[in-house]
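**Student:** Enclosed is the structure file work05.cif (mmCIF, C-alpha atoms).
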```cif
data_run
loop_
_atom_site.label_atom_id
_atom_site.label_comp_id
_atom_site.auth_asym_id
_atom_site.auth_seq_id
_atom_site.Cartn_x
_atom_site.Cartn_y
_atom_site.Cartn_z
CA MET Q 26 -57.67 -32.67 -10.59
CA THR Q 27 -54.69 -33.35 -12.80
CA SER Q 28 -56.05 -31.14 -15.53
CA GLU Q 29 -56.66 -28.37 -12.95
CA LYS Q 30 -53.05 -28.62 -11.84
CA GLN Q 31 -51.92 -28.57 -15.43
CA SER Q 32 -53.95 -25.47 -16.15
CA LYS Q 33 -52.49 -23.72 -13.07
CA LEU Q 34 -48.94 -24.48 -14.17
CA ARG Q 35 -49.64 -23.63 -17.82
CA PHE Q 36 -47.49 -20.51 -17.56
CA LEU Q 37 -44.44 -22.66 -16.87
CA ALA Q 38 -42.67 -23.94 -19.94
CA PRO Q 39 -39.07 -24.85 -19.13
CA ASP Q 40 -37.27 -25.51 -22.37
CA TRP Q 41 -33.94 -27.03 -21.35
CA PRO Q 42 -32.48 -27.64 -24.84
CA VAL Q 43 -33.06 -23.98 -25.75
CA SER Q 44 -31.76 -22.80 -22.36
CA ILE Q 45 -28.57 -24.84 -22.68
CA ARG Q 46 -28.04 -23.77 -26.30
CA GLU Q 47 -28.48 -20.10 -25.40
CA ALA Q 48 -26.22 -20.48 -22.37
CA ALA Q 49 -23.53 -22.00 -24.59
CA ILE Q 50 -23.82 -19.03 -26.95
CA VAL Q 51 -23.52 -16.59 -24.02
CA VAL Q 52 -20.41 -18.47 -22.82
CA LEU Q 53 -18.83 -18.30 -26.29
CA ILE Q 54 -19.55 -14.57 -26.55
CA THR Q 55 -18.10 -14.12 -23.06
CA ILE Q 56 -14.86 -15.90 -24.01
CA ALA Q 57 -14.55 -13.85 -27.22
CA ALA Q 58 -15.25 -10.54 -25.46
CA ALA Q 59 -12.91 -11.35 -22.56
CA THR Q 60 -10.14 -12.23 -25.02
CA VAL Q 61 -10.59 -8.98 -26.97
CA THR Q 62 -10.65 -6.96 -23.74
CA TRP Q 63 -7.55 -8.73 -22.41
CA VAL Q 64 -5.60 -8.19 -25.64
CA SER Q 65 -6.55 -4.52 -25.86
CA ARG Q 66 -5.56 -3.69 -22.26
CA ASP Q 67 -2.20 -2.04 -21.53
CA ASN Q 68 -1.90 -3.27 -17.97
CA ARG Q 69 -2.77 -6.91 -18.68
CA LEU Q 70 -3.43 -9.50 -16.04
CA PRO Q 71 -0.96 -12.34 -16.76
CA LEU Q 72 -2.80 -15.52 -17.68
CA ILE Q 73 -0.80 -17.54 -15.19
CA ALA Q 74 -0.95 -16.25 -11.62
CA ASP Q 75 2.25 -16.02 -9.60
CA ARG Q 76 1.68 -17.67 -6.23
CA ASP Q 77 4.36 -15.53 -4.55
CA PHE Q 78 2.46 -12.41 -5.51
CA TYR Q 79 -0.65 -13.59 -3.68
CA GLU Q 80 1.08 -15.22 -0.71
CA LEU Q 81 3.17 -12.12 -0.04
CA GLU Q 82 2.11 -10.49 3.21
CA LEU Q 83 2.30 -6.80 2.42
CA SER Q 84 2.76 -4.40 5.30
CA ALA Q 85 1.35 -1.48 3.29
CA PRO Q 86 -1.75 -1.22 1.09
CA LEU Q 87 -1.52 -1.49 -2.67
CA VAL Q 88 -2.56 1.20 -5.12
CA ASP Q 89 -3.08 0.48 -8.80
CA ILE Q 90 -1.54 2.68 -11.47
CA PRO Q 91 -4.65 4.78 -12.30
CA GLY Q 92 -5.01 5.44 -8.56
CA ALA Q 93 -1.33 6.34 -8.28
CA ILE Q 94 -1.59 8.71 -11.26
CA ALA Q 95 -4.58 10.40 -9.61
CA LEU Q 96 -2.60 10.81 -6.37
CA PHE Q 97 0.39 12.10 -8.35
CA ASN Q 98 -1.81 14.75 -9.93
CA GLU Q 99 -3.21 15.73 -6.52
CA GLY Q 100 0.36 16.25 -5.34
CA ASN Q 101 -0.12 15.15 -1.73
CA TYR Q 102 2.07 12.04 -1.90
CA LEU Q 103 5.83 11.80 -2.32
CA PHE Q 104 6.87 9.16 -4.82
CA ILE Q 105 9.78 6.93 -3.83
CA ASP Q 106 11.72 4.94 -6.43
CA THR Q 107 12.97 1.72 -4.82
CA ARG Q 108 14.76 0.24 -7.84
CA SER Q 109 18.27 -0.75 -6.82
CA SER Q 110 19.36 -0.90 -10.47
CA LEU Q 111 18.40 2.74 -11.11
CA THR Q 112 20.96 4.65 -13.21
CA LEU Q 113 21.20 8.12 -14.77
CA GLU Q 114 19.87 6.73 -18.04
CA ASP Q 115 16.68 5.41 -16.46
CA ASP Q 116 13.49 7.38 -16.39
CA THR Q 117 11.52 7.77 -13.22
CA ILE Q 118 8.38 9.52 -12.01
CA PRO Q 119 8.96 13.31 -11.97
CA GLY Q 120 9.93 14.50 -8.50
CA ALA Q 121 10.44 10.96 -7.19
CA PHE Q 122 13.07 10.41 -4.52
CA THR Q 123 15.25 7.34 -4.46
CA ILE Q 124 15.29 5.08 -1.43
CA ARG Q 125 16.71 1.61 -2.00
CA ALA Q 126 16.82 -1.31 0.38
CA LEU Q 127 20.56 -1.82 -0.11
CA SER Q 128 21.43 1.81 0.68
CA LEU Q 129 18.48 2.73 2.85
CA ASN Q 130 20.39 4.55 5.59
CA ASP Q 131 22.50 6.56 3.11
CA ASP Q 132 19.45 7.45 1.01
CA LEU Q 133 17.45 8.52 4.07
CA TYR Q 134 20.42 10.55 5.35
CA GLU Q 135 20.63 12.40 2.04
CA LEU Q 136 16.90 13.09 2.10
CA ALA Q 137 16.77 13.96 5.80
CA ASP Q 138 15.76 17.56 5.06
CA THR Q 139 13.32 16.61 2.31
CA VAL Q 140 11.46 13.45 3.24
CA TYR Q 141 10.02 13.16 6.75
CA PRO Q 142 8.37 10.11 8.35
CA GLU Q 143 5.11 12.09 8.58
CA ASP Q 144 5.00 12.47 4.79
CA PRO Q 145 2.60 10.23 2.88
CA VAL Q 146 4.65 8.21 0.38
CA ILE Q 147 4.02 5.91 -2.57
CA LEU Q 148 6.70 3.31 -3.23
CA PHE Q 149 7.28 1.91 -6.68
CA GLY Q 150 9.82 -0.41 -8.23
CA ASN Q 151 10.40 -2.65 -11.22
CA GLY Q 152 7.13 -4.54 -10.81
CA ASP Q 153 8.55 -7.04 -8.30
CA LEU Q 154 6.34 -6.49 -5.29
CA SER Q 155 8.59 -8.34 -2.87
CA GLY Q 156 11.39 -5.78 -3.40
CA VAL Q 157 9.10 -2.80 -2.84
CA ALA Q 158 7.45 -4.53 0.13
CA HIS Q 159 10.90 -4.95 1.72
CA VAL Q 160 11.55 -1.19 1.47
CA ALA Q 161 8.06 -0.56 2.90
CA ASP Q 162 8.91 -2.78 5.90
CA LEU Q 163 12.15 -0.88 6.48
CA LEU Q 164 10.45 2.52 6.24
CA LEU Q 165 7.67 1.43 8.60
CA ALA Q 166 10.35 0.39 11.09
CA ARG Q 167 11.80 3.91 10.80
CA GLY Q 168 8.53 5.57 11.69
CA PHE Q 169 6.88 6.15 8.32
CA GLU Q 170 3.14 5.68 8.71
CA ASP Q 171 1.35 6.56 5.48
CA ILE Q 172 2.84 4.21 2.88
CA LEU Q 173 1.24 2.94 -0.31
CA ILE Q 174 2.80 0.43 -2.69
CA MET Q 175 2.20 0.99 -6.40
CA ARG Q 176 1.28 -2.16 -8.27
CA GLY Q 177 3.12 -2.37 -11.59
CA ASP Q 178 6.30 -0.92 -13.02
CA LEU Q 179 7.30 2.29 -14.75
CA ALA Q 180 6.46 0.90 -18.21
CA SER Q 181 2.87 0.33 -17.07
CA TRP Q 182 2.86 3.81 -15.52
CA ARG Q 183 3.98 5.29 -18.85
CA ASN Q 184 1.52 3.17 -20.86
CA GLN Q 185 -1.36 4.46 -18.77
CA GLY Q 186 -0.45 8.09 -19.34
CA GLY Q 187 1.84 8.73 -16.37
CA GLU Q 188 4.63 11.30 -16.81
CA THR Q 189 8.29 10.32 -16.58
CA SER Q 190 11.57 12.21 -16.38
CA PRO Q 191 15.29 11.26 -16.21
CA SER Q 192 16.27 9.94 -12.81
CA ALA Q 193 19.34 12.22 -12.41
CA LEU Q 194 20.53 10.14 -9.51
CA PRO Q 195 23.74 8.10 -9.21
CA SER Q 196 23.43 4.34 -9.28
CA LEU Q 197 24.51 2.25 -6.34
CA SER Q 198 27.63 1.14 -8.20
CA ASP Q 199 28.57 4.81 -8.83
CA ARG Q 200 28.17 5.52 -5.13
CA GLU Q 201 30.32 2.55 -4.19
CA GLY Q 202 32.97 3.82 -6.65
CA GLU Q 203 32.97 7.27 -5.02
CA SER Q 204 33.42 5.90 -1.54
CA MET S 10 -42.68 -9.10 -38.66
CA ILE S 11 -43.27 -7.31 -35.41
CA ARG S 12 -45.08 -9.43 -32.90
CA GLU S 13 -47.94 -7.94 -30.99
CA ASN S 14 -46.79 -7.57 -27.40
CA VAL S 15 -49.40 -7.79 -24.71
CA LEU S 16 -48.20 -7.21 -21.15
CA ASN S 17 -49.94 -9.71 -18.93
CA ARG S 18 -49.12 -10.45 -15.28
CA GLN S 19 -46.71 -13.22 -16.16
CA GLY S 20 -44.90 -11.06 -18.70
CA LEU S 21 -44.57 -8.27 -16.13
CA LEU S 22 -43.17 -10.67 -13.53
CA VAL S 23 -40.60 -12.00 -15.98
CA LEU S 24 -39.70 -8.45 -17.09
CA PHE S 25 -39.29 -7.33 -13.46
CA CYS S 26 -37.05 -10.29 -12.60
CA ARG S 27 -35.02 -9.86 -15.79
CA LEU S 28 -34.40 -6.18 -15.11
CA VAL S 29 -33.52 -6.67 -11.44
CA VAL S 30 -31.17 -9.63 -11.99
CA GLY S 31 -29.71 -8.11 -15.17
CA CYS S 32 -28.95 -4.75 -13.53
CA ILE S 33 -27.44 -6.48 -10.47
CA PHE S 34 -25.12 -8.55 -12.66
CA ILE S 35 -24.12 -5.57 -14.84
CA TYR S 36 -23.41 -3.44 -11.76
CA ALA S 37 -21.43 -6.30 -10.18
CA SER S 38 -19.25 -6.61 -13.27
CA LEU S 39 -18.16 -2.96 -13.57
CA ASP S 40 -15.65 -2.68 -10.71
CA LYS S 41 -14.28 -6.17 -11.36
CA MET S 42 -13.64 -5.38 -15.03
CA ALA S 43 -11.95 -2.11 -14.09
CA HIS S 44 -9.70 -3.72 -11.46
CA PRO S 45 -8.89 -7.30 -12.52
CA PHE S 46 -5.84 -7.56 -10.22
CA ALA S 47 -7.86 -6.64 -7.17
CA PHE S 48 -10.65 -9.03 -8.19
CA ALA S 49 -8.13 -11.86 -8.65
CA GLN S 50 -6.99 -11.17 -5.08
CA ASN S 51 -10.61 -11.37 -3.90
CA ILE S 52 -10.98 -14.77 -5.56
CA PHE S 53 -7.63 -15.93 -4.15
CA HIS S 54 -8.79 -15.13 -0.61
CA TYR S 55 -11.49 -17.82 -0.91
CA ARG S 56 -8.66 -20.37 -1.41
CA LEU S 57 -10.83 -22.56 -3.65
CA LEU S 58 -9.26 -22.33 -7.09
CA PRO S 59 -5.94 -23.72 -8.31
CA MET S 60 -3.53 -20.91 -9.23
CA ALA S 61 -3.72 -21.88 -12.93
CA PHE S 62 -7.41 -20.94 -13.02
CA LEU S 63 -7.20 -17.81 -10.91
CA HIS S 64 -6.50 -15.20 -13.58
CA PRO S 65 -8.61 -16.76 -16.37
CA ILE S 66 -11.58 -16.83 -13.99
CA ALA S 67 -10.86 -13.25 -12.87
CA LEU S 68 -11.05 -12.23 -16.53
CA LEU S 69 -14.02 -14.36 -17.60
CA LEU S 70 -16.35 -14.00 -14.62
CA PRO S 71 -16.94 -10.22 -14.82
CA MET S 72 -17.37 -10.44 -18.60
CA ALA S 73 -19.92 -13.25 -18.15
CA GLU S 74 -21.78 -11.12 -15.61
CA MET S 75 -21.84 -8.20 -18.01
CA ILE S 76 -23.01 -10.20 -21.03
CA LEU S 77 -25.68 -12.24 -19.29
CA GLY S 78 -26.81 -9.07 -17.50
CA LEU S 79 -27.22 -7.35 -20.85
CA GLY S 80 -28.99 -10.44 -22.21
CA LEU S 81 -31.51 -10.31 -19.37
CA VAL S 82 -32.08 -6.55 -19.55
CA LEU S 83 -32.51 -6.56 -23.33
CA GLY S 84 -34.46 -9.82 -23.40
CA VAL S 85 -32.02 -11.55 -25.73
CA ALA S 86 -31.21 -15.20 -24.97
CA ARG S 87 -33.11 -14.74 -21.71
CA ARG S 88 -33.40 -18.43 -20.91
CA GLY S 89 -29.69 -19.06 -21.41
CA SER S 90 -28.75 -15.89 -19.54
CA ALA S 91 -31.09 -16.78 -16.67
CA LEU S 92 -29.69 -20.34 -16.56
CA LEU S 93 -26.13 -19.01 -16.33
CA ALA S 94 -27.14 -16.41 -13.76
CA ALA S 95 -28.74 -19.13 -11.62
CA LEU S 96 -25.72 -21.42 -11.95
CA MET S 97 -23.31 -18.60 -11.09
CA THR S 98 -25.41 -17.65 -8.08
CA ILE S 99 -25.33 -21.26 -6.87
CA VAL S 100 -21.52 -21.28 -7.28
CA PHE S 101 -21.29 -18.00 -5.33
CA MET S 102 -23.45 -19.49 -2.57
CA MET S 103 -21.22 -22.56 -2.39
CA ALA S 104 -18.09 -20.39 -2.21
CA ILE S 105 -19.58 -18.23 0.54
CA SER S 106 -20.73 -21.31 2.49
CA ILE S 107 -17.27 -22.90 2.30
CA ALA S 108 -15.66 -19.62 3.39
CA LEU S 109 -18.07 -19.44 6.34
CA LEU S 110 -17.38 -23.06 7.32
CA ARG S 111 -13.65 -22.39 7.19
CA GLY S 112 -14.10 -19.26 9.30
CA LEU S 113 -12.48 -16.99 6.71
CA ASP S 114 -12.80 -13.30 7.48
CA ILE S 115 -12.70 -11.97 3.92
CA SER S 116 -14.43 -9.47 1.70
CA CYS S 117 -16.94 -11.15 -0.63
CA GLY S 118 -15.81 -9.32 -3.77
CA CYS S 119 -19.39 -9.30 -5.03
CA PHE S 120 -19.73 -5.68 -6.12
CA HIS S 121 -16.57 -3.89 -5.01
CA THR S 122 -13.06 -5.26 -5.24
CA GLU S 123 -11.90 -3.16 -2.30
CA GLY S 124 -13.71 -2.60 0.98
CA GLY S 125 -16.69 -4.71 0.01
CA HIS S 126 -19.18 -6.64 2.12
CA ALA S 127 -17.67 -9.22 4.51
CA VAL S 128 -18.65 -12.84 3.89
CA GLY S 129 -21.60 -13.74 6.13
CA LEU S 130 -25.06 -15.28 6.37
CA SER S 131 -26.73 -12.13 5.05
CA LEU S 132 -24.87 -12.65 1.78
CA LEU S 133 -26.22 -16.18 1.52
CA LEU S 134 -29.76 -14.89 2.04
CA ARG S 135 -29.19 -12.21 -0.61
CA ASP S 136 -28.05 -14.91 -3.04
CA VAL S 137 -31.12 -17.05 -2.25
CA VAL S 138 -33.31 -14.09 -3.26
CA LEU S 139 -31.20 -13.56 -6.39
CA LEU S 140 -31.55 -17.24 -7.27
CA ALA S 141 -35.34 -17.04 -6.83
CA LEU S 142 -35.41 -14.02 -9.16
CA CYS S 143 -33.53 -16.03 -11.81
CA LEU S 144 -36.28 -18.65 -12.00
CA PRO S 145 -39.15 -16.80 -13.74
CA PRO S 146 -37.04 -15.77 -16.77
CA LEU S 147 -35.74 -19.33 -16.95
CA LEU S 148 -39.00 -21.22 -16.53
CA CYS S 149 -41.89 -19.03 -17.67
CA ARG S 150 -43.44 -19.30 -21.07
CA ASP S 151 -43.93 -15.55 -21.56
CA PRO S 152 -40.55 -13.84 -22.00
CA GLY S 153 -41.91 -10.34 -21.31
CA PRO S 154 -41.08 -7.43 -23.63
CA GLY S 155 -37.58 -7.25 -25.00
CA LEU S 156 -35.52 -7.24 -28.17
CA GLY S 157 -35.90 -11.00 -28.44
CA THR S 158 -39.70 -10.81 -28.68
CA PHE S 159 -40.02 -8.06 -31.30
CA PHE S 160 -38.65 -9.56 -34.47
CA ARG S 161 -39.93 -13.08 -33.88
CA PRO S 162 -42.51 -14.56 -36.31
CA ASN S 163 -46.06 -14.47 -34.96
CA PRO S 164 -46.88 -18.04 -33.86
CA LYS S 165 -50.27 -18.31 -35.54
#
```
Could you render the structure from this file as structure tokens?

**Tutor:**
Amino acid sequence: MTSEKQSKLRFLAPDWPVSIREAAIVVLITIAAATVTWVSRDNRLPLIADRDFYELELSAPLVDIPGAIALFNEGNYLFIDTRSSLTLEDDTIPGAFTIRALSLNDDLYELADTVYPEDPVILFGNGDLSGVAHVADLLLARGFEDILIMRGDLASWRNQGGETSPSALPSLSDREGES
Amino acid sequence: MIRENVLNRQGLLVLFCRLVVGCIFIYASLDKMAHPFAFAQNIFHYRLLPMAFLHPIALLLPMAEMILGLGLVLGVARRGSALLAALMTIVFMMAISIALLRGLDISCGCFHTEGGHAVGLSLLLRDVVLLALCLPPLLCRDPGPGLGTFFRPNPK
């Protein structure tokens, strides 16, 4: 009986030392390959996660930079630069309008004939999602419906092949000086 | 020396399981490797990992899926790859079970980082089948045809 059982199970030959050794090799190769991939990426995932980034309740969906570049090339979305520190020397995405949280009403007033709440818009900033998310909240409250938030900053945009051009817009401090 | 390769029933079963599991793992890794930020968010939604491990796991897990998937498809280090695939599947099942017990309404992040399958019992059943498919390559004597069997000395 025992020999019959043994003959039935003859095809089974678990070899745990070999399995564990091979698994360890696969793990080592994985670590090496993941390190090489991480180092060679332009838009790198930081090794330490920022809790605020994940806890932030965004009122608009995120779009990554390759997705934003694709939408830029399609030309259906208006790009909105939300950086409050934007100056004439800074580059921005070609054709982008400037709407900043600190001067939202003035910026919207200036763009009243250009940007309408029905327009689909992509907001971008300096990589700090909370700042862009704040502008998204304000725009949603003013009737904008189709809003996307670009993940990443202009440097990442440029590194991944996105076009840039001079901002050609006065900074907030210039505007305060004028008034 | 090229070893004579005879396809018997056991070899075919192991080959079938290797190809199915390997292709599933390779396919599962592609979107995660392309969108690591989105995958990290998927992992975060399970609320299981400390923040310090979130991004390293988001980087390592898809790469592990890709490499062990290739190992299984090509028949290289098939026992080790199958062992890791089985262990990972068990971890996925535990994560899904905990999410279900907590009543989390989240996307599983199994194949697509955005708009994927919602966590549910059907996912657990799918993982049970996947786990069963990992066993023949791990336990059977005959490895089935693959790169690992060709250049091995003939055991005479």

**Student:** I would like the residues chosen by the PyMOL selection byres ((chain S) within 7 of (chain Q)) on the shown file; could you give them as an mmCIF file with C-alpha atoms, in the frame of the given file?

**Tutor:**
```cif
data_model
loop_
_atom_site.group_PDB
_atom_site.id
_atom_site.type_symbol
_atom_site.label_atom_id
_atom_site.label_comp_id
_atom_site.auth_asym_id
_atom_site.auth_seq_id
_atom_site.Cartn_x
_atom_site.Cartn_y
_atom_site.Cartn_z
ATOM 1 C CA PRO S 45 -8.890 -7.300 -12.520
ATOM 2 C CA PHE S 46 -5.840 -7.560 -10.220
ATOM 3 C CA GLN S 50 -6.990 -11.170 -5.080
ATOM 4 C CA MET S 60 -3.530 -20.910 -9.230
ATOM 5 C CA ALA S 61 -3.720 -21.880 -12.930
ATOM 6 C CA LEU S 63 -7.200 -17.810 -10.910
ATOM 7 C CA HIS S 64 -6.500 -15.200 -13.580
ATOM 8 C CA PRO S 65 -8.610 -16.760 -16.370
ATOM 9 C CA LEU S 68 -11.050 -12.230 -16.530
ATOM 10 C CA LEU S 69 -14.020 -14.360 -17.600
ATOM 11 C CA MET S 72 -17.370 -10.440 -18.600
ATOM 12 C CA ALA S 73 -19.920 -13.250 -18.150
ATOM 13 C CA ILE S 76 -23.010 -10.200 -21.030
ATOM 14 C CA LEU S 77 -25.680 -12.240 -19.290
ATOM 15 C CA ALA S 86 -31.210 -15.200 -24.970
ATOM 16 C CA ARG S 88 -33.400 -18.430 -20.910
ATOM 17 C CA GLY S 89 -29.690 -19.060 -21.410
ATOM 18 C CA SER S 90 -28.750 -15.890 -19.540
ATOM 19 C CA LEU S 92 -29.690 -20.340 -16.560
ATOM 20 C CA LEU S 93 -26.130 -19.010 -16.330
ATOM 21 C CA LEU S 147 -35.740 -19.330 -16.950
ATOM 22 C CA LEU S 148 -39.000 -21.220 -16.530
ATOM 23 C CA CYS S 149 -41.890 -19.030 -17.670
ATOM 24 C CA ARG S 150 -43.440 -19.300 -21.070
#
```

**Student:** Quick one, how far is CA of Phe122 (chain Q) from CA of Asp153 (chain Q)?

**Tutor:** 18.4 Å

**Student:** Rounded to one decimal, what separation in Å do you get between CA of Trp182 (chain Q) and CA of Phe169 (chain Q)?

**Tutor:** 24.3 Å

**Student:** Find the spatial neighbours of region 134-143 of chain Q, counting all atoms listed in the file, within a cut-off of 10 Å - ignore same-chain residues fewer than 6 positions away - and output them as number ranges by chain.

**Tutor:** Q: 103, 105, 122-124, 128, 164-165, 167-172

**Student:** Got a sec to resolve the PyMOL selection byres ((chain S and resi 108) around 10) on this structure and send the residues as a PyMOL selection string?

**Tutor:** chain S and resi 54-57+102-107+109-115+117+128-129

**Student:** Evaluate the PyMOL selection byres ((chain Q and resi 179) around 10) against this structure - the residues, as a ChimeraX atom specification, please.

**Tutor:** /Q:90,106,116-118,149-152,175-178,180-185,187-189

**Student:** Build an axis-aligned box that encloses every atom of region 113-119 of chain S listed in the file, pad it by 3 Å on each side, and report its centre and edge lengths in Å to one decimal, as JSON.

**Tutor:**
```
{"center_x": -15.9, "center_y": -13.1, "center_z": 1.2, "size_x": 12.9, "size_y": 13.7, "size_z": 18.5}
```

**Student:** Interatomic distance between CA of Cys26 (chain S) and CA of Ala49 (chain S)?

**Tutor:**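 Taking CA of Cys26 (chain S) and CA of Ala49 (chain S), their separation equals 29.2 Å.
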
**Student:** Calculated over only C-alpha atoms, which of the candidates S:Val85, S:Pro71, S:Leu144, S:Asn51 has the smallest distance to Ala127 (chain S)?

**Tutor:**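 Selected residue with least distance to Ala127 (chain S): S:Asn51.
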
**Student:** Ranking Q:Asp67, Q:Glu99, Q:Ala161, Q:Ser192 by minimum distance to Leu173 (chain Q) and counting all atoms listed in the file, which one comes first?

**Tutor:**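 Between Q:Asp67, Q:Glu99, Q:Ala161, Q:Ser192, the residue approaching Leu173 (chain Q) most closely is Q:Ala161.
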
**Student:** Skipping near chain neighbours, those fewer than 2 positions away, what residues fall within 10 Å of Ile33 (chain S) using all atoms listed in the file, listed as a list in words?

**Tutor:**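 Everything that qualifies: Arg27, Leu28, Val29, Val30, Gly31, Ile35, Tyr36, Ala37, Ser38, Glu74, Met75, Gly78, Phe120 and Leu139 of chain S.
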
**Student:** Have a look at Q:Gly156, Q:Leu83, Q:Gly120, Q:Leu129 and name the one nearest to Asn98 (chain Q); count all atoms listed in the file.

**Tutor:** Q:Gly120

**Student:** Can you pull out every residue within 7 Å of Leu83 (chain S), counting all atoms listed in the file, but drop anything in the same chain fewer than 3 positions away, and send it as a CSV table (one decimal) with C-alpha atoms, keeping the file's coordinate frame?

**Tutor:**
```
chain,number,residue,atom,x,y,z
S,79,LEU,CA,-27.2,-7.4,-20.8
S,80,GLY,CA,-29.0,-10.4,-22.2
S,155,GLY,CA,-37.6,-7.2,-25.0
S,156,LEU,CA,-35.5,-7.2,-28.2
```

**Student:** Taking all atoms listed in the file into account, which of S:Ala67, S:Cys119, S:Ala141, S:Ala91 comes nearest His44 (chain S)?

**Tutor:**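 Residue with the minimum atom-to-atom distance to His44 (chain S): S:Ala67.
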